[in-house]
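**Q** Take a look at this one; I'll ask things after.
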Amino acid sequence: RSIDIKPMRGYVTKAKAKHVMQIAQNIREADRIEIEATHSEDTSILQALFRSYRISTHCWTGILEDDKKPVIIFGVAPISVVGQEGAPWLVGTDRVKDCRRQFMQECKGYLDSMQAAYPQELHNFVDVRNDISIRWLKWLGFEFDEEVQYGRNGEPFYPFTRRAA
């Protein structure tokens, strides 16, 4: 006899400082490794996330309905004050898998909002070890360049870009 398991549902809201703290406390291992590789040793995960949150022009949090806890925070920050280029970013917890289907269905709309705000292009770097993020970025239509040394200790990263259609 099979058991019908209802997928967990969530909702997206404008990010708040308390969400940053909650995500930092429960961060996915791959995201923790990536943040540590791109920030100085004296920068905590919380400090790095707060910086991204503060400088972003668009920033959202995905929250599960069952316990009202954030599972993902994402946004886009300007590359320069005069350009039309943005740096998209996303950090999650292991519980993001509990609403994976819903997230996949809805994330392209948020990406389109980012692209509208930064019409020239969106680009950033992803740790080559972060397989899940790389697959997701490819699915979203980002293009990847050759691996470069980008981390503070020369860790390999892929530059990724998405240009407006």
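Identifiers in this document derive from the order of the structure tokens: chains are assigned A, B, ..., residues are numbered from 1 separately in each chain, and ligands are numbered from 1 in order of occurrence.
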Please provide as an mmCIF file with N, CA and C atoms, in the first residue's frame all residues within 7 Å of segment 100-114 of chain A, with the sequence filter that same-chain residues fewer than 3 positions apart are discarded (counting only C-alpha atoms).
**A**
```
data_model
loop_
_atom_site.group_PDB
_atom_site.id
_atom_site.type_symbol
_atom_site.label_atom_id
_atom_site.label_comp_id
_atom_site.auth_asym_id
_atom_site.auth_seq_id
_atom_site.Cartn_x
_atom_site.Cartn_y
_atom_site.Cartn_z
ATOM 1 N N VAL A 76 19.545 39.969 -5.984
ATOM 2 C CA VAL A 76 20.463 40.462 -7.003
ATOM 3 C C VAL A 76 20.995 41.809 -6.528
ATOM 4 N N VAL A 96 15.326 23.198 1.674
ATOM 5 C CA VAL A 96 14.815 23.678 0.391
ATOM 6 C C VAL A 96 14.323 22.499 -0.454
ATOM 7 N N LYS A 97 14.879 21.331 -0.215
ATOM 8 C CA LYS A 97 14.437 20.146 -0.966
ATOM 9 C C LYS A 97 12.981 19.790 -0.655
ATOM 10 N N ALA A 117 15.449 44.299 -14.033
ATOM 11 C CA ALA A 117 16.139 45.350 -13.275
ATOM 12 C C ALA A 117 17.555 45.585 -13.798
ATOM 13 N N TYR A 118 18.154 44.538 -14.334
ATOM 14 C CA TYR A 118 19.528 44.604 -14.855
ATOM 15 C C TYR A 118 19.525 44.037 -16.267
ATOM 16 N N LEU A 140 18.193 27.227 -15.636
ATOM 17 C CA LEU A 140 17.655 28.575 -15.761
ATOM 18 C C LEU A 140 18.152 29.306 -17.011
#
```
**Q** May I have a table of the residues of segment 12-76 of chain A lying at most 12 Å from segment 132-139 of chain A, giving each one's closest pair of atoms and their distance in Å to one decimal, counting only C-alpha atoms, ordered by chain and ascending residue number, as a tab-separated table?
**A**
```
residue	atom	partner	partner_atom	distance
A:Arg28	CA	A:Ile132	CA	11.1
A:Glu29	CA	A:Ile132	CA	11.5
A:Ala30	CA	A:Ile132	CA	8.7
A:Asp31	CA	A:Ser133	CA	9.1
A:Glu34	CA	A:Ser133	CA	10.8
```
**Q** I need the alpha helix (DSSP H) residues of chain A per DSSP on the backbone, written as a ChimeraX atom specification.
**A** /A:17-25,29-38,45-55,100-117,131-139
**Q** I want to know what sits within 6 Å of Thr61 of chain A, based on only C-alpha atoms, with residues of the same chain fewer than 4 positions away left out; could you give that as a PyMOL selection string?
**A** chain A and resi 12-13+15+72-73
**Q** Using C-alpha atoms, can you export the residues from the last selection as a CSV table (one decimal), in the first residue's frame?
**A**
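Okay, selection29.csv is ready:
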```
chain,number,residue,atom,x,y,z
A,12,VAL,CA,8.0,33.8,-1.1
A,13,THR,CA,8.2,37.2,0.7
A,15,ALA,CA,13.6,39.3,2.7
A,72,ILE,CA,16.1,30.0,1.0
A,73,ILE,CA,17.2,33.6,0.5
```
**Q** Among segment 42-121 of chain A, which ones does DSSP place in strand (DSSP E), written as an mmCIF file with C-alpha atoms, in the first residue's frame?
**A**
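Contents of states19.cif, as written:
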```
data_model
loop_
_atom_site.group_PDB
_atom_site.id
_atom_site.type_symbol
_atom_site.label_atom_id
_atom_site.label_comp_id
_atom_site.auth_asym_id
_atom_site.auth_seq_id
_atom_site.Cartn_x
_atom_site.Cartn_y
_atom_site.Cartn_z
ATOM 1 C CA HIS A 58 15.836 42.856 -4.934
ATOM 2 C CA CYS A 59 15.878 40.241 -2.168
ATOM 3 C CA TRP A 60 13.376 37.515 -1.293
ATOM 4 C CA THR A 61 12.996 34.663 1.183
ATOM 5 C CA GLY A 62 11.296 31.324 0.589
ATOM 6 C CA ILE A 63 9.440 30.120 3.683
ATOM 7 C CA LEU A 64 7.812 26.744 4.326
ATOM 8 C CA PRO A 70 12.963 30.266 5.825
ATOM 9 C CA VAL A 71 14.614 27.695 3.594
ATOM 10 C CA ILE A 72 16.144 29.953 0.962
ATOM 11 C CA ILE A 73 17.160 33.572 0.499
ATOM 12 C CA PHE A 74 18.064 35.052 -2.857
ATOM 13 C CA GLY A 75 18.467 38.326 -4.623
ATOM 14 C CA VAL A 76 20.463 40.462 -7.003
ATOM 15 C CA ALA A 77 22.964 43.231 -6.330
ATOM 16 C CA PRO A 78 24.275 45.861 -8.734
ATOM 17 C CA GLU A 85 24.547 44.491 -14.746
ATOM 18 C CA GLY A 86 23.535 42.576 -11.657
ATOM 19 C CA ALA A 87 25.008 39.780 -9.568
ATOM 20 C CA PRO A 88 22.361 37.180 -8.674
ATOM 21 C CA TRP A 89 22.902 35.083 -5.561
ATOM 22 C CA LEU A 90 21.085 32.400 -3.621
ATOM 23 C CA VAL A 91 21.753 30.653 -0.315
ATOM 24 C CA GLY A 92 19.646 27.896 1.158
ATOM 25 C CA GLU A 121 23.243 40.950 -18.011
#
```
**Q** Hey, what's within 8 Å of Val148 of chain A if we count only C-alpha atoms and toss same-chain stuff fewer than 4 positions away? As a ChimeraX atom specification, please?
**A** /A:156-159
**Q** Quick one, how far is atom CA of Ala37 of chain A from atom CA of Gly151 of chain A?
**A**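 Answer for the atom CA of Ala37 of chain A to atom CA of Gly151 of chain A separation: 4.9 Å.
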**Q** By how many Å are atom CA of Asp67 of chain A and atom CA of Gln25 of chain A apart?
**A**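 Computed distance, atom CA of Asp67 of chain A to atom CA of Gln25 of chain A, equals 15.9 Å.
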**Q** Please, what distance in Å, to one decimal, runs between atom CA of Phe50 of chain A and atom CA of Asp66 of chain A?
**A**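 Atom CA of Phe50 of chain A sits 25.6 Å away from atom CA of Asp66 of chain A.
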